[in-house]
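Participant: Once you've had a glance at the structure underneath, I'll fire off some questions.
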Amino acid sequence: MKQIKLDAYGKINLGLDVLGKRDDGYHDLDMIMQSVDLADKIIITKNDSGEITVKSSTSKIPNDKSNLAYRAAKLLMEEFGIKKGVEIEIEKNIPISGGMAGGSTDCAAVLKGMNKLFKLKLTEQQLMARGVRLGADVPFCIMGKTARAEGIGEVLTPIPNKLKGYLVIAKPPISVSTGFAYGQIDKVKIKNRPNTEGIIDAVKENDLHSLAKTICNVFEEVTIPEHKEIEEIKTKLKDCGALNAMMSGSGPTVFGIFDDKKKAVEAIDCIKELDVLEQLFLAKFVN
Ligand code: ATP
């Protein structure tokens with residue numbers, strides 16, 4: 001095998017709670033992660049250059065050693081003494097710095113792809129143990145589907161389900177620094193925390209309506225006051241028929257949940273009226 005193509009799925013948070021700051025500077029989290037079919041496309045091709053090269057469809061991410069896809073390939077090539085080279089092509093579709101783990105999922109896809117391309121025979125658990133060294137969300141991106149993520153995000157419990165959910169994903173033209181959001185969350189007294197067990201029950205029961213009522217992300221309390229357009233998008237998504245709408249991760253991407261594809265498609269037209277949108281996507285849950 002000379003080449004492998006992979007879909008690197010983005011994620012949304014159905015629940016996101018920050019439990020506190022640890023001595024090592026990381027935060028203890030309790031999150032419900034959900035893969036969505038809004039995906040980057042990754043192509044890894046073997047060559048004889050002995051180098052790793054990264055090409056991407058956007059100039060908004062680095063193509064150098066700091067790209068998480070590069071770092072994933074390097075980690076495995078060093079560990080397994082791989083002398084060949086690889087070219088990694090990234091078609092970027094997931095909003096950048098949007099709270100949808102775009103970099104982490106590219107990293108996860110490259111770990112999985114290199115494992116197959118070079119027949120390394122690493123198990124999913126072994127890939128996840130390597131992935132966490134590159135980013136706390138990488139193990140979830142390797143596992144995918146729906147999972148509770150605790151610790152810094154790497155302690156994963158899968159939540160099997162057959163939930164069918166359609167999403168309208170909207171990103172305003174602003175950036176939120178994840179570092180800033182965590183800094184702020186330490187300073188505020190969080191008023192509204194997720195009922196994580198309730199979210200898990202709704203997922204397990206495949207009850208989208210109950211899930212939509214239960215979703216909660218503590219980062220909304222720090223990000224929305226700084227960026228009012230996020231609230232504007234949430235309100236509009238609900239006016240356009242979403243069962244509920246919420247910000248993903250530390251933002252600024254917002255998703256609206258729909259129980260029917262037609263309603264989601266109609267909502268795309270409806271929300272287009274807003275002038276605070278940079279990117280708009282139709283997606284569905286991956287499970
Ligand atoms: P998270 O939800 O995990 O906090 P995010 O979705 O908010 O992540 P990303 O799109 O992953 O944010 O990008 C965060 C930073 O990582 C950007 O500044 C970007 O330059 C860098 N980065 C490195 N490699 C990649 C990659 N392959 N794709 C996207 N960003 C990357």
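Just so we're on the same page: first chain in the structure tokens is A, next is B, and so on; residues restart at 1 for each chain, and ligands are numbered from 1 in the order they show up.
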Could you tell me, as an NGL selection string, which residues of segment 3-121 of chain A DSSP assigns to strand (DSSP E or B) when given the backbone?
Facilitator: :A and (3-21 or 27-47 or 52-56 or 85-91)
Participant: Can you write out the residues you just picked, keeping N, CA and C atoms, as a short mmCIF file (atom, residue, chain, number, x, y, z; two decimals), in the first residue's frame?
Facilitator:
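Below is the file that was written, selection33.cif:
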data_model
loop_
_atom_site.label_atom_id
_atom_site.label_comp_id
_atom_site.auth_asym_id
_atom_site.auth_seq_id
_atom_site.Cartn_x
_atom_site.Cartn_y
_atom_site.Cartn_z
N GLN A 3 -0.59 4.51 -0.54
CA GLN A 3 -1.34 5.71 -0.16
C GLN A 3 -2.58 5.32 0.66
N ILE A 4 -2.97 6.20 1.59
CA ILE A 4 -4.20 5.96 2.34
C ILE A 4 -4.98 7.28 2.46
N LYS A 5 -6.31 7.16 2.33
CA LYS A 5 -7.18 8.35 2.44
C LYS A 5 -8.07 8.17 3.67
N LEU A 6 -8.21 9.22 4.44
CA LEU A 6 -9.01 9.12 5.67
C LEU A 6 -9.92 10.33 5.83
N ASP A 7 -11.08 10.10 6.46
CA ASP A 7 -11.95 11.21 6.89
C ASP A 7 -11.60 11.52 8.33
N ALA A 8 -11.26 12.77 8.61
CA ALA A 8 -10.95 13.16 9.99
C ALA A 8 -12.16 13.96 10.50
N TYR A 9 -12.99 13.29 11.30
CA TYR A 9 -14.24 13.92 11.75
C TYR A 9 -14.01 14.99 12.82
N GLY A 10 -14.78 16.05 12.75
CA GLY A 10 -14.78 17.05 13.81
C GLY A 10 -15.64 16.57 14.98
N LYS A 11 -15.61 17.32 16.07
CA LYS A 11 -16.46 16.97 17.23
C LYS A 11 -17.21 18.21 17.70
N ILE A 12 -18.34 17.92 18.35
CA ILE A 12 -19.00 18.96 19.14
C ILE A 12 -19.07 18.44 20.58
N ASN A 13 -19.31 19.34 21.51
CA ASN A 13 -19.54 18.94 22.90
C ASN A 13 -21.04 19.00 23.17
N LEU A 14 -21.58 17.90 23.66
CA LEU A 14 -22.99 17.91 24.10
C LEU A 14 -23.04 18.37 25.56
N GLY A 15 -21.95 18.14 26.26
CA GLY A 15 -21.78 18.64 27.63
C GLY A 15 -20.34 19.04 27.81
N LEU A 16 -20.12 20.11 28.55
CA LEU A 16 -18.73 20.50 28.85
C LEU A 16 -18.70 21.17 30.22
N ASP A 17 -18.07 20.49 31.16
CA ASP A 17 -17.93 21.04 32.50
C ASP A 17 -16.44 21.12 32.85
N VAL A 18 -16.05 22.22 33.46
CA VAL A 18 -14.68 22.37 33.94
C VAL A 18 -14.74 22.21 35.46
N LEU A 19 -14.09 21.15 35.97
CA LEU A 19 -14.23 20.84 37.39
C LEU A 19 -13.24 21.62 38.25
N GLY A 20 -12.11 22.00 37.67
CA GLY A 20 -11.12 22.76 38.44
C GLY A 20 -9.77 22.71 37.79
N LYS A 21 -8.87 23.54 38.31
CA LYS A 21 -7.51 23.62 37.76
C LYS A 21 -6.59 22.70 38.55
N HIS A 27 -6.70 21.52 33.26
CA HIS A 27 -7.98 21.55 33.97
C HIS A 27 -8.60 20.15 33.96
N ASP A 28 -9.27 19.80 35.06
CA ASP A 28 -10.06 18.57 35.08
C ASP A 28 -11.40 18.86 34.43
N LEU A 29 -11.75 18.03 33.48
CA LEU A 29 -12.94 18.26 32.67
C LEU A 29 -13.92 17.09 32.79
N ASP A 30 -15.16 17.37 32.47
CA ASP A 30 -16.16 16.30 32.33
C ASP A 30 -16.99 16.67 31.10
N MET A 31 -16.73 15.95 30.00
CA MET A 31 -17.33 16.36 28.72
C MET A 31 -18.04 15.19 28.07
N ILE A 32 -19.07 15.52 27.32
CA ILE A 32 -19.67 14.53 26.42
C ILE A 32 -19.31 14.97 25.00
N MET A 33 -18.54 14.12 24.35
CA MET A 33 -18.02 14.43 23.02
C MET A 33 -18.82 13.67 21.97
N GLN A 34 -19.06 14.32 20.86
CA GLN A 34 -19.84 13.70 19.78
C GLN A 34 -19.15 13.97 18.44
N SER A 35 -18.78 12.89 17.73
CA SER A 35 -18.22 13.07 16.38
C SER A 35 -19.32 13.52 15.42
N VAL A 36 -18.92 14.36 14.48
CA VAL A 36 -19.86 14.81 13.45
C VAL A 36 -19.22 14.58 12.08
N ASP A 37 -20.06 14.48 11.05
CA ASP A 37 -19.49 14.12 9.75
C ASP A 37 -18.93 15.31 8.98
N LEU A 38 -18.83 16.46 9.62
CA LEU A 38 -18.04 17.55 9.03
C LEU A 38 -16.58 17.16 9.24
N ALA A 39 -15.88 16.88 8.13
CA ALA A 39 -14.57 16.22 8.24
C ALA A 39 -13.52 16.87 7.35
N ASP A 40 -12.28 16.85 7.84
CA ASP A 40 -11.14 17.14 6.97
C ASP A 40 -10.83 15.85 6.21
N LYS A 41 -10.29 16.00 5.01
CA LYS A 41 -9.86 14.81 4.23
C LYS A 41 -8.34 14.75 4.30
N ILE A 42 -7.85 13.59 4.67
CA ILE A 42 -6.40 13.43 4.81
C ILE A 42 -5.92 12.37 3.81
N ILE A 43 -4.88 12.69 3.07
CA ILE A 43 -4.26 11.69 2.19
C ILE A 43 -2.79 11.58 2.59
N ILE A 44 -2.37 10.37 2.91
CA ILE A 44 -0.95 10.14 3.24
C ILE A 44 -0.35 9.28 2.13
N THR A 45 0.74 9.77 1.55
CA THR A 45 1.39 9.03 0.45
C THR A 45 2.85 8.77 0.83
N LYS A 46 3.25 7.50 0.71
CA LYS A 46 4.66 7.13 0.97
C LYS A 46 5.55 7.62 -0.16
N ASN A 47 6.78 8.01 0.18
CA ASN A 47 7.78 8.29 -0.86
C ASN A 47 9.16 7.93 -0.31
N ILE A 52 9.05 14.38 6.00
CA ILE A 52 7.59 14.52 6.14
C ILE A 52 7.24 15.88 5.53
N THR A 53 6.34 15.88 4.57
CA THR A 53 5.88 17.18 4.05
C THR A 53 4.37 17.28 4.24
N VAL A 54 3.91 18.50 4.51
CA VAL A 54 2.48 18.74 4.72
C VAL A 54 2.02 19.79 3.70
N LYS A 55 0.93 19.46 3.01
CA LYS A 55 0.29 20.43 2.10
C LYS A 55 -1.12 20.59 2.60
N SER A 56 -1.63 21.82 2.59
CA SER A 56 -3.03 21.91 2.97
C SER A 56 -3.79 22.87 2.07
N GLY A 85 9.76 8.43 3.43
CA GLY A 85 9.14 9.73 3.67
C GLY A 85 7.64 9.63 3.48
N VAL A 86 6.93 10.66 3.93
CA VAL A 86 5.48 10.71 3.65
C VAL A 86 5.09 12.14 3.27
N GLU A 87 4.13 12.21 2.36
CA GLU A 87 3.49 13.50 2.07
C GLU A 87 2.09 13.42 2.64
N ILE A 88 1.73 14.44 3.43
CA ILE A 88 0.39 14.47 4.05
C ILE A 88 -0.37 15.63 3.42
N GLU A 89 -1.49 15.31 2.80
CA GLU A 89 -2.34 16.37 2.23
C GLU A 89 -3.56 16.54 3.10
N ILE A 90 -3.86 17.79 3.46
CA ILE A 90 -5.02 18.08 4.32
C ILE A 90 -6.00 18.96 3.55
N GLU A 91 -7.21 18.42 3.36
CA GLU A 91 -8.28 19.30 2.84
C GLU A 91 -9.04 19.78 4.06
#
Participant: So which residues touch Asp269 of chain A within 12 Å, counting only C-alpha atoms, skipping near sequence neighbours fewer than 6 positions away, as a PDB file with N, CA and C atoms, in the first residue's frame?
Facilitator:
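Generated output (around.pdb):
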ATOM      1  N   VAL A 168     -26.904  22.064  12.213  1.00  0.00           N
ATOM      2  CA  VAL A 168     -26.433  23.207  11.435  1.00  0.00           C
ATOM      3  C   VAL A 168     -25.310  23.819  12.265  1.00  0.00           C
ATOM      4  N   LYS A 236     -30.978  32.805  16.581  1.00  0.00           N
ATOM      5  CA  LYS A 236     -31.473  32.668  15.208  1.00  0.00           C
ATOM      6  C   LYS A 236     -31.667  31.185  14.861  1.00  0.00           C
ATOM      7  N   LEU A 237     -30.720  30.343  15.283  1.00  0.00           N
ATOM      8  CA  LEU A 237     -30.861  28.908  14.994  1.00  0.00           C
ATOM      9  C   LEU A 237     -32.149  28.365  15.603  1.00  0.00           C
ATOM     10  N   CYS A 240     -35.046  29.478  13.738  1.00  0.00           N
ATOM     11  CA  CYS A 240     -35.109  28.781  12.444  1.00  0.00           C
ATOM     12  C   CYS A 240     -35.461  27.297  12.619  1.00  0.00           C
ATOM     13  N   GLY A 241     -35.836  26.892  13.821  1.00  0.00           N
ATOM     14  CA  GLY A 241     -36.368  25.537  13.999  1.00  0.00           C
ATOM     15  C   GLY A 241     -35.502  24.560  14.766  1.00  0.00           C
ATOM     16  N   LYS A 262     -34.656  17.614   6.635  1.00  0.00           N
ATOM     17  CA  LYS A 262     -35.321  18.676   5.852  1.00  0.00           C
ATOM     18  C   LYS A 262     -35.356  19.978   6.670  1.00  0.00           C
ATOM     19  N   LYS A 263     -35.682  19.831   7.965  1.00  0.00           N
ATOM     20  CA  LYS A 263     -35.740  21.036   8.813  1.00  0.00           C
ATOM     21  C   LYS A 263     -34.364  21.701   8.904  1.00  0.00           C
ATOM     22  N   LEU A 280     -20.850  28.080   7.361  1.00  0.00           N
ATOM     23  CA  LEU A 280     -22.131  27.441   7.667  1.00  0.00           C
ATOM     24  C   LEU A 280     -22.119  26.034   7.071  1.00  0.00           C
ATOM     25  N   PHE A 281     -22.481  25.046   7.879  1.00  0.00           N
ATOM     26  CA  PHE A 281     -22.432  23.657   7.395  1.00  0.00           C
ATOM     27  C   PHE A 281     -23.665  22.886   7.851  1.00  0.00           C
ATOM     28  N   LEU A 282     -24.018  21.903   7.052  1.00  0.00           N
ATOM     29  CA  LEU A 282     -25.007  20.905   7.450  1.00  0.00           C
ATOM     30  C   LEU A 282     -24.208  19.657   7.820  1.00  0.00           C
TER      31      LEU A 282
END
Participant: Please identify every polymer residue within 8 Å of ligand 1, using only C-alpha atoms and all ligand atoms, and present the set as a PDB file with C-alpha atoms, in the first residue's frame.
Facilitator:
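result12.pdb, written as the output of this step:
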ATOM      1  CA  LYS A  11     -16.458  16.972  17.226  1.00  0.00           C
ATOM      2  CA  LYS A  60      -4.529  29.514   7.727  1.00  0.00           C
ATOM      3  CA  ILE A  61      -2.806  26.525   9.325  1.00  0.00           C
ATOM      4  CA  PRO A  62       0.960  25.970   9.442  1.00  0.00           C
ATOM      5  CA  ASN A  63       2.517  23.523   6.975  1.00  0.00           C
ATOM      6  CA  SER A  66       4.092  22.607  14.247  1.00  0.00           C
ATOM      7  CA  ASN A  67       1.229  21.072  12.255  1.00  0.00           C
ATOM      8  CA  LEU A  68      -0.301  18.340  14.392  1.00  0.00           C
ATOM      9  CA  ALA A  69      -0.463  16.043  11.356  1.00  0.00           C
ATOM     10  CA  TYR A  70       3.313  16.450  10.905  1.00  0.00           C
ATOM     11  CA  ILE A  90      -5.023  18.078   4.321  1.00  0.00           C
ATOM     12  CA  LYS A  92      -9.416  21.607   5.642  1.00  0.00           C
ATOM     13  CA  ILE A  94     -13.519  21.945   9.887  1.00  0.00           C
ATOM     14  CA  PRO A  95     -13.520  25.556  11.156  1.00  0.00           C
ATOM     15  CA  ILE A  96     -10.037  26.510  12.364  1.00  0.00           C
ATOM     16  CA  SER A  97      -9.736  27.453  16.047  1.00  0.00           C
ATOM     17  CA  GLY A  98     -13.447  26.832  16.277  1.00  0.00           C
ATOM     18  CA  GLY A  99     -13.782  24.489  19.254  1.00  0.00           C
ATOM     19  CA  MET A 100     -14.293  21.451  17.005  1.00  0.00           C
ATOM     20  CA  ALA A 101     -10.882  19.794  17.538  1.00  0.00           C
ATOM     21  CA  GLY A 102      -9.814  20.301  13.916  1.00  0.00           C
ATOM     22  CA  GLY A 103      -6.100  19.969  14.611  1.00  0.00           C
ATOM     23  CA  SER A 104      -6.571  17.033  16.992  1.00  0.00           C
ATOM     24  CA  THR A 105      -8.641  15.087  14.481  1.00  0.00           C
ATOM     25  CA  ASP A 106      -6.046  15.564  11.722  1.00  0.00           C
ATOM     26  CA  CYS A 107      -3.472  14.301  14.208  1.00  0.00           C
ATOM     27  CA  GLY A 135      -3.107  16.773  22.522  1.00  0.00           C
ATOM     28  CA  ALA A 136      -5.763  16.013  25.122  1.00  0.00           C
ATOM     29  CA  ASP A 137      -8.524  15.669  22.487  1.00  0.00           C
ATOM     30  CA  VAL A 176     -11.481  32.679  20.684  1.00  0.00           C
ATOM     31  CA  SER A 177      -8.178  31.811  22.275  1.00  0.00           C
ATOM     32  CA  THR A 178      -8.583  28.542  24.179  1.00  0.00           C
ATOM     33  CA  SER A 248     -18.896  23.912  21.009  1.00  0.00           C
ATOM     34  CA  GLY A 249     -15.721  23.782  23.140  1.00  0.00           C
ATOM     35  CA  SER A 250     -14.456  27.242  24.022  1.00  0.00           C
ATOM     36  CA  GLY A 251     -16.115  28.543  20.872  1.00  0.00           C
TER      37      GLY A 251
END
Participant: Write out as number ranges by chain the set of residues from segment 3-120 of chain A that DSSP, computed on the backbone, places in helix (DSSP H, G or I).
Facilitator: A: 68-79, 102-117
Participant: Please determine, counting only C-alpha atoms, which residue among A:Thr196, A:Leu211, A:Tyr166, A:Glu220 has the shortest atom-to-atom distance to Glu266 of chain A.
Facilitator: A:Tyr166
Participant: Pick the closest to Thr58 of chain A from A:Ile142, A:Asn93, A:Ile190, A:Asp201: which is it, counting only C-alpha atoms?
Facilitator: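 So, comparing all the options, the nearest one is A:Asn93.
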Participant: Can you measure atom CA of Lys171 of chain A to atom CA of Val276 of chain A for me? One decimal in Å is fine.
Facilitator: 8.4 Å
Participant: Please provide the set of residues having any atom within 7 Å of Asn287 of chain A, restricted to only C-alpha atoms, with same-chain residues fewer than 6 positions apart removed, written as a short mmCIF file (atom, residue, chain, number, x, y, z; two decimals) with N, CA, C and O atoms, in the first residue's frame.
Facilitator:
data_model
loop_
_atom_site.label_atom_id
_atom_site.label_comp_id
_atom_site.auth_asym_id
_atom_site.auth_seq_id
_atom_site.Cartn_x
_atom_site.Cartn_y
_atom_site.Cartn_z
N LYS A 145 -17.15 8.70 17.58
CA LYS A 145 -18.55 8.44 17.97
C LYS A 145 -18.96 9.28 19.17
O LYS A 145 -18.72 10.47 19.17
N THR A 146 -19.54 8.65 20.22
CA THR A 146 -19.98 9.43 21.38
C THR A 146 -19.25 8.90 22.62
O THR A 146 -19.20 7.69 22.83
N ASN A 161 -24.90 4.28 21.10
CA ASN A 161 -26.24 4.79 20.83
C ASN A 161 -26.55 4.73 19.34
O ASN A 161 -25.66 4.52 18.52
N LYS A 162 -27.83 4.92 19.05
CA LYS A 162 -28.26 4.97 17.64
C LYS A 162 -28.94 6.30 17.38
O LYS A 162 -29.88 6.41 16.59
#
Participant: Mind pulling up the distance from atom CA of Glu232 of chain A to atom CA of Phe258 of chain A?
Facilitator: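 Rounded to one decimal, the two atoms are 18.2 Å apart.
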Participant: Excluding segment 114-120 of chain A and residues on its chain fewer than 2 positions from it, collect all residues at most 7 Å away from it, counting only C-alpha atoms, and give them as number ranges by chain.
Facilitator: A: 1, 4, 73, 110-112, 122
Participant: Could you turn the residues from that selection into a file that holds C-alpha atoms, as a PDB file, in the first residue's frame?
Facilitator:
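Once everything was written out, this is result.pdb:
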ATOM      1  CA  MET A   1       0.000   0.000   0.000  1.00  0.00           C
ATOM      2  CA  ILE A   4      -4.203   5.962   2.342  1.00  0.00           C
ATOM      3  CA  ALA A  73       3.798  11.220  11.542  1.00  0.00           C
ATOM      4  CA  VAL A 110      -2.484  10.555  10.646  1.00  0.00           C
ATOM      5  CA  LEU A 111      -1.755   8.229  13.590  1.00  0.00           C
ATOM      6  CA  LYS A 112      -4.400   5.788  12.310  1.00  0.00           C
ATOM      7  CA  LEU A 122      -0.791  -0.811  17.051  1.00  0.00           C
TER       8      LEU A 122
END
Participant: Grab the atom CA of Glu124 of chain A to atom CA of Asp24 of chain A distance for me, in Å with one decimal place.
Facilitator: 26.9 Å
Participant: What's the 9 Å shell around segment 184-189 of chain A, counting only C-alpha atoms, without same-chain residues fewer than 3 positions away, as an NGL selection string?
Facilitator: :A and (18 or 20-21 or 179-181 or 218-219 or 221-223)
Participant: For Gly256 of chain A, which residue out of A:Ile268, A:Ile224, A:Leu163, A:Ala109 is the nearest one, using only C-alpha atoms?
Facilitator: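 The shortest atom-to-atom distance to Gly256 of chain A comes from A:Ile268.
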Participant: For a quick check of understanding, using only C-alpha atoms, which of A:Lys74, A:Lys65, A:Lys164, A:Lys191 has the smallest distance to Glu205 of chain A?
Facilitator: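 Answer, going by the shortest atom-to-atom distance: A:Lys164.
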